Structures are given as structure tokens and as C-alpha cells.
Amino acid sequence: EQLSLLETTEDALDNERIFTSLNSQYILMRDTVSSSKKFNEKEDGVYVSDMIDAKGELRGTAELRKDTIALPEQDQEKMWLSLVESTINAFDELTADLLDIISHMWVLQQKDEDGYIDFHSDEVLKLRHDQLDNKPLVIRERDRFKVMKRVAALSSIWISMRENDVKVVNKDKIKDDEEYDFTTFHRMFDINSVKVAYDKKTGEPKGIYELKIKPAPILRTYFDTSLQTFIPLDLKVIQYSYHTQRELKRLGRYLSYQWKVRTLSRNLKQPFKVRTLVETLDFPASYNGVIVRDKLEQTLDMLTKDGIIAEWYYQEPVDESRVGKRDWVKKYWGELNLIILPPQDTIEDNRKKYGQMAALLEKERAKQQLLSAAVDLA
């Protein structure tokens, strides 16, 4: 039995985590939608982003198209079009969060006969609200708009495929279009219907707050609970500010993926190369080496303070006499190794294969039913 929209949100809040796919292609897609600078404008207002993996191989192409969806009412159509028109400015870490949140909801939530789930901007804002902040959640129309603008952006992304699978090629070896002929395009998400909020006094439409959504087939293959392994992602990563705490989000996601892989392969103490972490964090080009080092270490410290990391340390002490020398980042510090260990509960969560996620949630539901029955009897 699948959960309702409200139950899905409450489950995530109670357990302080959501689930995201371990699939490397899904993670590449998420990284693609996390930055507008990855997209370049082509003809007819189409923006294109090559999806290139860590080895420099081209795995696919994402296109942002300003296609709209057919909606029955003029107000709905107008509102949706205004969202779509602003989508190129909507690729950031919040968009990456929403890809994870919608995917998590779709796996767990009750679906209609066509496979759509109900999606409400307010449920996202609940997940993003820090419960420990001791401040009440205040939902503003502009916050709903930010969420729905990014949902529109995700539904405007088309992924290019070949023979129903992403073709891996070396980008440097592409000589002409025939060598990498993308013939099939899939939307990332399908939207079935939207609900518009109206001003009670004036009757004017204020914005879209709810819709029906489902991942297109290209994404659904990554969410097959009988085949796929899922990563538990700490809810704090979702709650960090996408403006001022971007590095915390990026490193939090990256470590969650790595810890799952390393738990399955039983090598949690495998070191992380500093250079790899710096590339993951994607610092502005204007940062010099001293700032980059400070930012990386501050990010690790903050994740430790927030309980996402158990501990971290350099495998060997930093030779401070080499810091600040010519090319010291590239030739010395960037090649150092870090040990970054997860908390014990993260290790235990990662030992569970969330192809068994449905069984796990069913167990949780059964426990809640037993508790409710006990309360009723009392």
C-alpha cells in the first residue's frame, strides 16, 4: 500500500531523510539541472547541455525547450506559460533538490490509474523548513512560485536517447552528427493537470500551487524498487540554502552517493582525493587556492557539526611550508587524501538495499498501525 501525499511528507520528516537513486545516469542528470551555466542557447530558443561524466565521456544531451502543455482553462494555460518562460533562470541547487524530492515522492506515493501523483508546493516547503530552527513555517506566494518555476523547468527538459539507452561516446572523437545521432527525445517529467490559486477578494489568479506529475519512462527505470538500490539523503541537505550554502548541498549529495557505493563494496575508509572534492564543489573561477582550501575545510566542518559527517581528517598532515607556493594546489594540496566517515546510522541505512525500500516502508506502516491499535485499545 502506497502513501498519500501528506504521509510521504510526514515519513520524510519523521525519518529526517528522503531517498534518491544510486543510478549514475540519474546523478548525472541531477548535476546537469543544478546550474544554468551548463546550458548554451542554440537556434529557436532551445538551450542544450551535454551530459559528461567524470571520465570526460559524453553520456547524453539535455535540451530545454519552451514547449508548453495543453491545459483546459485559459488561466491555467497563462500561468503555466509564465512559469515556462522563466525556466532558463531556474537551474540551480534548488532544482536539483526538486528532482530528488519529486522522484522520492513518486516512488512512495499513491498514483492514479495513469501513474501520476499529486504534487503540492506546500509539501516541498515543509520538507525544506528546518524543524530545529524553532521558527514557524510561513508559506509565501513567492516561495510557491520558486518551487513551481523549477518544476516547470524540469518538465521542459528533454533527454536525448539512442535506441532507448544513453549512448556513451568520447566527446573529443565526435566528428559529425552521424557519429552521435540522437533520435529519441523524452521529457523528464509529464504534467497532467495544474491547480491555480485565486485571490479571494479580487478573483485574480495568483499562481499554481498543485499539479499532477510523473517521471517519463527514461527516469522511471531508475526508480524500479525491485531492481534499483536507493541512497538515503539527509534532509538537512535539502534544507540548506541554495543561495548561501551551495557547497554544503553539493558535498552532502556527493558523499551520500559515495558512502552508499563504499558501504556496498565494504571500503568506507577509502580516501577521497582533495582535487575530486574541489571539482565536485565547482567553486567560482575567481577563488584563489587559499580561499578554496578554506571553503572546503569549512564545508567539511559544517557537515560534521550538522551530523552528516562523523569525522574527517587528512590522511597525512598538510605541509604548511608548501602552501602558497607556485601551483601548490595542483601539484601538492590537490593530490592529498582525506578520510571522510559517515555516522553509524548512515552506515546502517546504507546496508539496507532499498530495492527493499517498499518492504521497509511497509514494515514502518505496520508498526504505526500497531501503535494506533494499541492507543485505541487503551
# chains A, B, ... in the order shown; residues from 1 in each chain; ligands from 1
$ closest_atom_pairs --of "range 229-249 of chain A" --to "range 22-43 of chain A" --cutoff "6 Å" --atoms "only C-alpha atoms" --output "CSV"
residue,atom,partner,partner_atom,distance
A:Thr229,CA,A:Leu22,CA,5.9
A:Phe230,CA,A:Leu22,CA,5.3
A:Ile231,CA,A:Leu22,CA,5.9
$ select_by_dssp --residues "range 189-335 of chain A" --states "strand (DSSP E)" --output "PyMOL selection string"
chain A and resi 189-198+205-215+230-234+272-273+311-314
$ residues_around --residues "Asn350 in chain A" --least-positions-apart "5" --cutoff "9 Å" --atoms "only C-alpha atoms" --output "PDB file with all heavy atoms, in the first residue's frame"
ATOM      1  N   PHE A 230      18.691   2.388  -3.612  1.00  0.00           N
ATOM      2  CA  PHE A 230      18.447   3.798  -3.324  1.00  0.00           C
ATOM      3  C   PHE A 230      19.386   4.304  -2.232  1.00  0.00           C
ATOM      4  O   PHE A 230      19.838   3.549  -1.379  1.00  0.00           O
ATOM      5  CB  PHE A 230      16.994   4.021  -2.908  1.00  0.00           C
ATOM      6  CG  PHE A 230      16.027   3.868  -4.038  1.00  0.00           C
ATOM      7  CD1 PHE A 230      15.618   2.617  -4.449  1.00  0.00           C
ATOM      8  CD2 PHE A 230      15.546   4.974  -4.714  1.00  0.00           C
ATOM      9  CE1 PHE A 230      14.742   2.459  -5.504  1.00  0.00           C
ATOM     10  CE2 PHE A 230      14.673   4.837  -5.776  1.00  0.00           C
ATOM     11  CZ  PHE A 230      14.271   3.577  -6.171  1.00  0.00           C
ATOM     12  N   ILE A 231      19.652   5.595  -2.284  1.00  0.00           N
ATOM     13  CA  ILE A 231      20.533   6.251  -1.325  1.00  0.00           C
ATOM     14  C   ILE A 231      19.685   7.059  -0.355  1.00  0.00           C
ATOM     15  O   ILE A 231      18.858   7.867  -0.790  1.00  0.00           O
ATOM     16  CB  ILE A 231      21.487   7.227  -2.047  1.00  0.00           C
ATOM     17  CG1 ILE A 231      22.292   6.529  -3.129  1.00  0.00           C
ATOM     18  CG2 ILE A 231      22.406   7.912  -1.041  1.00  0.00           C
ATOM     19  CD1 ILE A 231      22.981   7.507  -4.070  1.00  0.00           C
ATOM     20  N   PRO A 232      19.870   6.896   0.955  1.00  0.00           N
ATOM     21  CA  PRO A 232      19.214   7.809   1.889  1.00  0.00           C
ATOM     22  C   PRO A 232      19.957   9.142   1.904  1.00  0.00           C
ATOM     23  O   PRO A 232      21.172   9.190   2.060  1.00  0.00           O
ATOM     24  CB  PRO A 232      19.341   7.087   3.234  1.00  0.00           C
ATOM     25  CG  PRO A 232      20.532   6.198   3.090  1.00  0.00           C
ATOM     26  CD  PRO A 232      20.651   5.850   1.636  1.00  0.00           C
ATOM     27  N   TRP A 259      29.220   7.129  -0.035  1.00  0.00           N
ATOM     28  CA  TRP A 259      29.090   6.249   1.130  1.00  0.00           C
ATOM     29  C   TRP A 259      28.236   5.029   0.817  1.00  0.00           C
ATOM     30  O   TRP A 259      28.496   3.945   1.334  1.00  0.00           O
ATOM     31  CB  TRP A 259      28.503   7.021   2.309  1.00  0.00           C
ATOM     32  CG  TRP A 259      29.485   7.943   2.953  1.00  0.00           C
ATOM     33  CD1 TRP A 259      30.847   7.797   2.997  1.00  0.00           C
ATOM     34  CD2 TRP A 259      29.194   9.150   3.659  1.00  0.00           C
ATOM     35  NE1 TRP A 259      31.406   8.841   3.684  1.00  0.00           N
ATOM     36  CE2 TRP A 259      30.428   9.690   4.106  1.00  0.00           C
ATOM     37  CE3 TRP A 259      28.024   9.830   3.968  1.00  0.00           C
ATOM     38  CZ2 TRP A 259      30.509  10.873   4.840  1.00  0.00           C
ATOM     39  CZ3 TRP A 259      28.088  11.009   4.691  1.00  0.00           C
ATOM     40  CH2 TRP A 259      29.323  11.524   5.118  1.00  0.00           C
ATOM     41  N   LYS A 260      27.214   5.201  -0.005  1.00  0.00           N
ATOM     42  CA  LYS A 260      26.400   4.044  -0.389  1.00  0.00           C
ATOM     43  C   LYS A 260      27.251   3.053  -1.184  1.00  0.00           C
ATOM     44  O   LYS A 260      27.268   1.851  -0.893  1.00  0.00           O
ATOM     45  CB  LYS A 260      25.199   4.493  -1.219  1.00  0.00           C
ATOM     46  CG  LYS A 260      24.270   3.351  -1.620  1.00  0.00           C
ATOM     47  CD  LYS A 260      23.569   2.781  -0.405  1.00  0.00           C
ATOM     48  CE  LYS A 260      22.638   1.631  -0.770  1.00  0.00           C
ATOM     49  NZ  LYS A 260      21.878   1.157   0.389  1.00  0.00           N
ATOM     50  N   VAL A 261      27.974   3.574  -2.181  1.00  0.00           N
ATOM     51  CA  VAL A 261      28.825   2.709  -3.007  1.00  0.00           C
ATOM     52  C   VAL A 261      29.873   2.018  -2.144  1.00  0.00           C
ATOM     53  O   VAL A 261      30.112   0.808  -2.264  1.00  0.00           O
ATOM     54  CB  VAL A 261      29.508   3.547  -4.120  1.00  0.00           C
ATOM     55  CG1 VAL A 261      30.561   2.721  -4.850  1.00  0.00           C
ATOM     56  CG2 VAL A 261      28.469   4.083  -5.106  1.00  0.00           C
ATOM     57  N   THR A 263      29.840   1.483   1.111  1.00  0.00           N
ATOM     58  CA  THR A 263      29.253   0.534   2.065  1.00  0.00           C
ATOM     59  C   THR A 263      29.002  -0.797   1.374  1.00  0.00           C
ATOM     60  O   THR A 263      29.303  -1.868   1.923  1.00  0.00           O
ATOM     61  CB  THR A 263      27.934   1.081   2.649  1.00  0.00           C
ATOM     62  OG1 THR A 263      28.190   2.312   3.323  1.00  0.00           O
ATOM     63  CG2 THR A 263      27.325   0.103   3.638  1.00  0.00           C
ATOM     64  N   LEU A 264      28.468  -0.729   0.155  1.00  0.00           N
ATOM     65  CA  LEU A 264      28.189  -1.960  -0.586  1.00  0.00           C
ATOM     66  C   LEU A 264      29.475  -2.709  -0.925  1.00  0.00           C
ATOM     67  O   LEU A 264      29.491  -3.933  -0.963  1.00  0.00           O
ATOM     68  CB  LEU A 264      27.401  -1.642  -1.865  1.00  0.00           C
ATOM     69  CG  LEU A 264      25.986  -1.072  -1.662  1.00  0.00           C
ATOM     70  CD1 LEU A 264      25.351  -0.728  -2.992  1.00  0.00           C
ATOM     71  CD2 LEU A 264      25.103  -2.050  -0.892  1.00  0.00           C
ATOM     72  N   ASP A 345      24.477   5.619  11.927  1.00  0.00           N
ATOM     73  CA  ASP A 345      23.125   5.375  11.404  1.00  0.00           C
ATOM     74  C   ASP A 345      23.084   5.451   9.885  1.00  0.00           C
ATOM     75  O   ASP A 345      22.288   4.763   9.236  1.00  0.00           O
ATOM     76  CB  ASP A 345      22.099   6.326  12.035  1.00  0.00           C
ATOM     77  CG  ASP A 345      22.418   7.786  11.813  1.00  0.00           C
ATOM     78  OD1 ASP A 345      23.503   8.096  11.304  1.00  0.00           O
ATOM     79  OD2 ASP A 345      21.571   8.644  12.165  1.00  0.00           O
TER      80      ASP A 345
END
$ atom_distance --atom1 "CA of Leu6 in chain A" --atom2 "CA of Lys126 in chain A"
10.4 Å
$ closest_atom_pairs --of "range 226-270 of chain A" --to "range 301-325 of chain A" --cutoff "9 Å" --atoms "only C-alpha atoms" --output "JSON lines"
{"residue": "A:Asp234", "atom": "CA", "partner": "A:Ile308", "partner_atom": "CA", "distance": 7.1}
{"residue": "A:Lys236", "atom": "CA", "partner": "A:Asp306", "partner_atom": "CA", "distance": 8.0}
{"residue": "A:Val237", "atom": "CA", "partner": "A:Ile308", "partner_atom": "CA", "distance": 8.7}
{"residue": "A:Leu248", "atom": "CA", "partner": "A:Leu303", "partner_atom": "CA", "distance": 7.0}
{"residue": "A:Leu251", "atom": "CA", "partner": "A:Leu303", "partner_atom": "CA", "distance": 8.7}
{"residue": "A:Gly252", "atom": "CA", "partner": "A:Ile308", "partner_atom": "CA", "distance": 7.4}
{"residue": "A:Leu255", "atom": "CA", "partner": "A:Ile309", "partner_atom": "CA", "distance": 8.8}
{"residue": "A:Ser256", "atom": "CA", "partner": "A:Ile308", "partner_atom": "CA", "distance": 9.0}
$ write_last_selection --atoms "N, CA, C and O atoms" --output "tab-separated table (two decimals), in the first residue's frame"
chain	number	residue	atom	x	y	z
A	234	ASP	N	20.20	12.80	3.72
A	234	ASP	CA	19.83	13.54	4.92
A	234	ASP	C	19.01	14.77	4.55
A	234	ASP	O	19.36	15.52	3.63
A	236	LYS	N	18.73	17.50	5.93
A	236	LYS	CA	19.45	18.77	6.09
A	236	LYS	C	20.04	19.23	4.76
A	236	LYS	O	20.15	20.44	4.52
A	237	VAL	N	20.43	18.29	3.91
A	237	VAL	CA	20.99	18.65	2.60
A	237	VAL	C	19.94	19.39	1.77
A	237	VAL	O	20.24	20.35	1.06
A	248	LEU	N	27.54	23.07	0.74
A	248	LEU	CA	27.03	22.06	1.66
A	248	LEU	C	26.11	21.09	0.94
A	248	LEU	O	26.14	19.87	1.18
A	251	LEU	N	28.35	18.87	-1.64
A	251	LEU	CA	29.19	17.88	-0.98
A	251	LEU	C	28.33	16.86	-0.22
A	251	LEU	O	28.66	15.67	-0.18
A	252	GLY	N	27.23	17.32	0.37
A	252	GLY	CA	26.32	16.41	1.06
A	252	GLY	C	25.78	15.34	0.12
A	252	GLY	O	25.73	14.15	0.46
A	255	LEU	N	28.79	12.93	-1.05
A	255	LEU	CA	29.20	11.98	-0.02
A	255	LEU	C	28.14	10.91	0.20
A	255	LEU	O	28.47	9.74	0.43
A	256	SER	N	26.86	11.28	0.12
A	256	SER	CA	25.78	10.30	0.28
A	256	SER	C	25.91	9.20	-0.77
A	256	SER	O	25.76	8.01	-0.47
$ residues_around --residues "range 143-152 of chain A" --least-positions-apart "2" --cutoff "8 Å" --atoms "only C-alpha atoms" --output "CSV table (one decimal) with C-alpha atoms, in the first residue's frame"
chain,number,residue,atom,x,y,z
A,80,TRP,CA,1.9,27.7,-16.8
A,83,LEU,CA,6.5,29.7,-15.5
A,84,VAL,CA,7.9,28.1,-18.6
A,86,SER,CA,11.3,31.9,-16.8
A,87,THR,CA,12.8,28.4,-16.8
A,90,ALA,CA,15.6,28.2,-12.8
A,91,PHE,CA,18.6,25.8,-12.9
A,94,LEU,CA,17.0,24.0,-5.6
A,95,THR,CA,16.1,22.5,-9.0
A,98,LEU,CA,13.3,19.2,-6.5
A,121,SER,CA,4.4,23.2,-3.4
A,122,ASP,CA,3.5,23.4,0.3
A,124,VAL,CA,8.1,20.8,-0.5
A,125,LEU,CA,8.3,23.9,1.6
A,139,ILE,CA,4.3,29.9,3.3
A,140,ARG,CA,4.6,32.8,0.9
A,141,GLU,CA,3.3,33.0,-2.6
A,154,LEU,CA,12.2,20.1,-15.1
A,155,SER,CA,9.2,19.3,-17.2
A,156,SER,CA,10.7,21.4,-20.0
A,207,GLY,CA,-0.2,31.2,-9.0
A,208,ILE,CA,0.0,27.5,-9.5
A,209,TYR,CA,0.2,25.6,-6.2
$ select_by_dssp --residues "range 48-191 of chain A" --states "alpha helix (DSSP H)" --output "PyMOL selection string"
chain A and resi 74-85+93-108+121-128+141-155
$ write_last_selection --atoms "N, CA and C atoms" --output "compact mmCIF listing (two decimals), in the first residue's frame"
# COMPACT_ATOMS: atom_id res chain seq x y z
N GLN A 74 -8.01 28.85 -19.58
CA GLN A 74 -7.10 29.92 -20.02
C GLN A 74 -6.19 30.40 -18.89
N ASP A 75 -6.73 30.51 -17.68
CA ASP A 75 -5.91 30.96 -16.55
C ASP A 75 -4.77 29.98 -16.28
N GLN A 76 -5.09 28.69 -16.35
CA GLN A 76 -4.07 27.66 -16.14
C GLN A 76 -2.99 27.76 -17.22
N GLU A 77 -3.45 27.88 -18.46
CA GLU A 77 -2.52 27.96 -19.60
C GLU A 77 -1.60 29.17 -19.45
N LYS A 78 -2.18 30.31 -19.09
CA LYS A 78 -1.41 31.54 -18.96
C LYS A 78 -0.39 31.44 -17.83
N MET A 79 -0.82 30.90 -16.69
CA MET A 79 0.07 30.76 -15.54
C MET A 79 1.23 29.82 -15.87
N TRP A 80 0.90 28.70 -16.50
CA TRP A 80 1.95 27.72 -16.81
C TRP A 80 2.94 28.32 -17.81
N LEU A 81 2.44 29.03 -18.78
CA LEU A 81 3.33 29.64 -19.78
C LEU A 81 4.27 30.65 -19.13
N SER A 82 3.78 31.39 -18.12
CA SER A 82 4.65 32.35 -17.43
C SER A 82 5.76 31.64 -16.68
N LEU A 83 5.46 30.45 -16.14
CA LEU A 83 6.49 29.66 -15.48
C LEU A 83 7.53 29.17 -16.48
N VAL A 84 7.04 28.63 -17.60
CA VAL A 84 7.94 28.09 -18.62
C VAL A 84 8.85 29.17 -19.19
N GLU A 85 8.32 30.39 -19.34
CA GLU A 85 9.11 31.49 -19.90
C GLU A 85 10.31 31.83 -19.03
N GLU A 93 20.73 24.72 -7.42
CA GLU A 93 20.71 23.62 -6.46
C GLU A 93 19.29 23.31 -5.96
N LEU A 94 18.39 24.30 -5.99
CA LEU A 94 17.00 24.03 -5.61
C LEU A 94 16.34 23.14 -6.65
N THR A 95 16.66 23.34 -7.92
CA THR A 95 16.12 22.47 -8.98
C THR A 95 16.61 21.05 -8.78
N ALA A 96 17.88 20.88 -8.41
CA ALA A 96 18.42 19.55 -8.13
C ALA A 96 17.68 18.92 -6.94
N ASP A 97 17.41 19.73 -5.91
CA ASP A 97 16.63 19.25 -4.76
C ASP A 97 15.26 18.74 -5.22
N LEU A 98 14.63 19.52 -6.09
CA LEU A 98 13.27 19.16 -6.52
C LEU A 98 13.26 17.88 -7.35
N LEU A 99 14.31 17.66 -8.13
CA LEU A 99 14.40 16.40 -8.87
C LEU A 99 14.41 15.24 -7.88
N ASP A 100 15.18 15.37 -6.81
CA ASP A 100 15.22 14.32 -5.78
C ASP A 100 13.88 14.19 -5.06
N ILE A 101 13.28 15.33 -4.69
CA ILE A 101 12.03 15.29 -3.92
C ILE A 101 10.90 14.67 -4.73
N ILE A 102 10.74 15.11 -5.98
CA ILE A 102 9.66 14.58 -6.81
C ILE A 102 9.86 13.09 -7.06
N SER A 103 11.12 12.71 -7.30
CA SER A 103 11.42 11.29 -7.55
C SER A 103 11.11 10.46 -6.31
N HIS A 104 11.51 10.95 -5.14
CA HIS A 104 11.22 10.28 -3.87
C HIS A 104 9.71 10.12 -3.69
N MET A 105 8.98 11.20 -3.94
CA MET A 105 7.53 11.16 -3.76
C MET A 105 6.89 10.17 -4.72
N TRP A 106 7.38 10.15 -5.97
CA TRP A 106 6.76 9.27 -6.96
C TRP A 106 6.97 7.80 -6.61
N VAL A 107 8.13 7.46 -6.06
CA VAL A 107 8.41 6.07 -5.69
C VAL A 107 7.44 5.62 -4.59
N LEU A 108 7.20 6.47 -3.61
CA LEU A 108 6.45 6.06 -2.41
C LEU A 108 4.96 6.36 -2.47
N SER A 121 3.20 22.36 -3.77
CA SER A 121 4.36 23.18 -3.41
C SER A 121 4.52 23.29 -1.90
N ASP A 122 3.41 23.29 -1.15
CA ASP A 122 3.49 23.45 0.30
C ASP A 122 4.20 22.26 0.96
N GLU A 123 4.04 21.06 0.38
CA GLU A 123 4.71 19.88 0.95
C GLU A 123 6.23 20.00 0.78
N VAL A 124 6.66 20.56 -0.34
CA VAL A 124 8.09 20.80 -0.55
C VAL A 124 8.61 21.80 0.46
N LEU A 125 7.84 22.87 0.68
CA LEU A 125 8.27 23.90 1.62
C LEU A 125 8.33 23.36 3.05
N LYS A 126 7.47 22.39 3.38
CA LYS A 126 7.56 21.73 4.69
C LYS A 126 8.87 20.95 4.81
N LEU A 127 9.24 20.23 3.76
CA LEU A 127 10.48 19.45 3.78
C LEU A 127 11.69 20.35 3.89
N ARG A 128 11.62 21.53 3.28
CA ARG A 128 12.76 22.44 3.26
C ARG A 128 12.83 23.30 4.53
N GLU A 141 3.62 33.31 -1.19
CA GLU A 141 3.32 33.04 -2.60
C GLU A 141 4.60 33.01 -3.43
N ARG A 142 5.57 33.86 -3.10
CA ARG A 142 6.81 33.89 -3.88
C ARG A 142 7.61 32.59 -3.71
N ASP A 143 7.48 31.95 -2.52
CA ASP A 143 8.17 30.68 -2.31
C ASP A 143 7.52 29.55 -3.11
N ARG A 144 6.18 29.60 -3.17
CA ARG A 144 5.47 28.64 -4.03
C ARG A 144 5.89 28.81 -5.48
N PHE A 145 6.01 30.09 -5.90
CA PHE A 145 6.39 30.37 -7.29
C PHE A 145 7.79 29.81 -7.58
N LYS A 146 8.73 29.98 -6.64
CA LYS A 146 10.09 29.47 -6.84
C LYS A 146 10.08 27.95 -7.04
N VAL A 147 9.25 27.26 -6.25
CA VAL A 147 9.16 25.81 -6.38
C VAL A 147 8.58 25.44 -7.74
N MET A 148 7.43 26.05 -8.08
CA MET A 148 6.74 25.66 -9.31
C MET A 148 7.51 26.08 -10.56
N LYS A 149 8.26 27.17 -10.48
CA LYS A 149 9.08 27.58 -11.62
C LYS A 149 10.10 26.48 -11.94
N ARG A 150 10.65 25.88 -10.91
CA ARG A 150 11.65 24.83 -11.12
C ARG A 150 11.01 23.51 -11.55
N VAL A 151 9.79 23.26 -11.10
CA VAL A 151 9.06 22.09 -11.60
C VAL A 151 8.79 22.26 -13.10
N ALA A 152 8.41 23.48 -13.49
CA ALA A 152 8.20 23.77 -14.91
C ALA A 152 9.50 23.58 -15.69
N ALA A 153 10.62 23.99 -15.10
CA ALA A 153 11.92 23.81 -15.76
C ALA A 153 12.20 22.33 -15.97
N LEU A 154 11.98 21.51 -14.94
CA LEU A 154 12.23 20.06 -15.07
C LEU A 154 11.33 19.44 -16.13
N SER A 155 10.09 19.89 -16.20
CA SER A 155 9.17 19.32 -17.19
C SER A 155 9.44 19.86 -18.60
$ atom_distance --atom1 "CA of Pro217 in chain A" --atom2 "CA of Asp112 in chain A"
16.2 Å
$ closest_residue --among "A:Arg187, A:Asp118, A:Val290, A:Arg262" --to "Arg351 in chain A" --atoms "only C-alpha atoms"
A:Arg262
$ residues_around --residues "Pro271 in chain A" --least-positions-apart "5" --cutoff "7 Å" --atoms "only C-alpha atoms" --output "number ranges by chain"
A: 337-339
$ write_last_selection --atoms "C-alpha atoms" --output "PDB file, in the first residue's frame"
ATOM      1  CA  ASN A 337      43.922  12.394   0.541  1.00  0.00           C
ATOM      2  CA  LEU A 338      41.100  12.917   3.019  1.00  0.00           C
ATOM      3  CA  ILE A 339      39.337  10.307   5.117  1.00  0.00           C
TER       4      ILE A 339
END
$ atom_distance --atom1 "CA of Arg65 in chain A" --atom2 "CA of His120 in chain A"
23.7 Å
$ closest_residue --among "A:Thr280, A:Gln258, A:Ser241, A:Thr225" --to "Asp130 in chain A" --atoms "only C-alpha atoms"
A:Ser241
$ closest_residue --among "A:Leu235, A:Val46, A:Arg275, A:Leu268" --to "Trp328 in chain A" --atoms "only C-alpha atoms"
A:Arg275
$ closest_residue --among "A:Ala62, A:Met188, A:Val292, A:Leu281" --to "Tyr222 in chain A" --atoms "only C-alpha atoms"
A:Met188
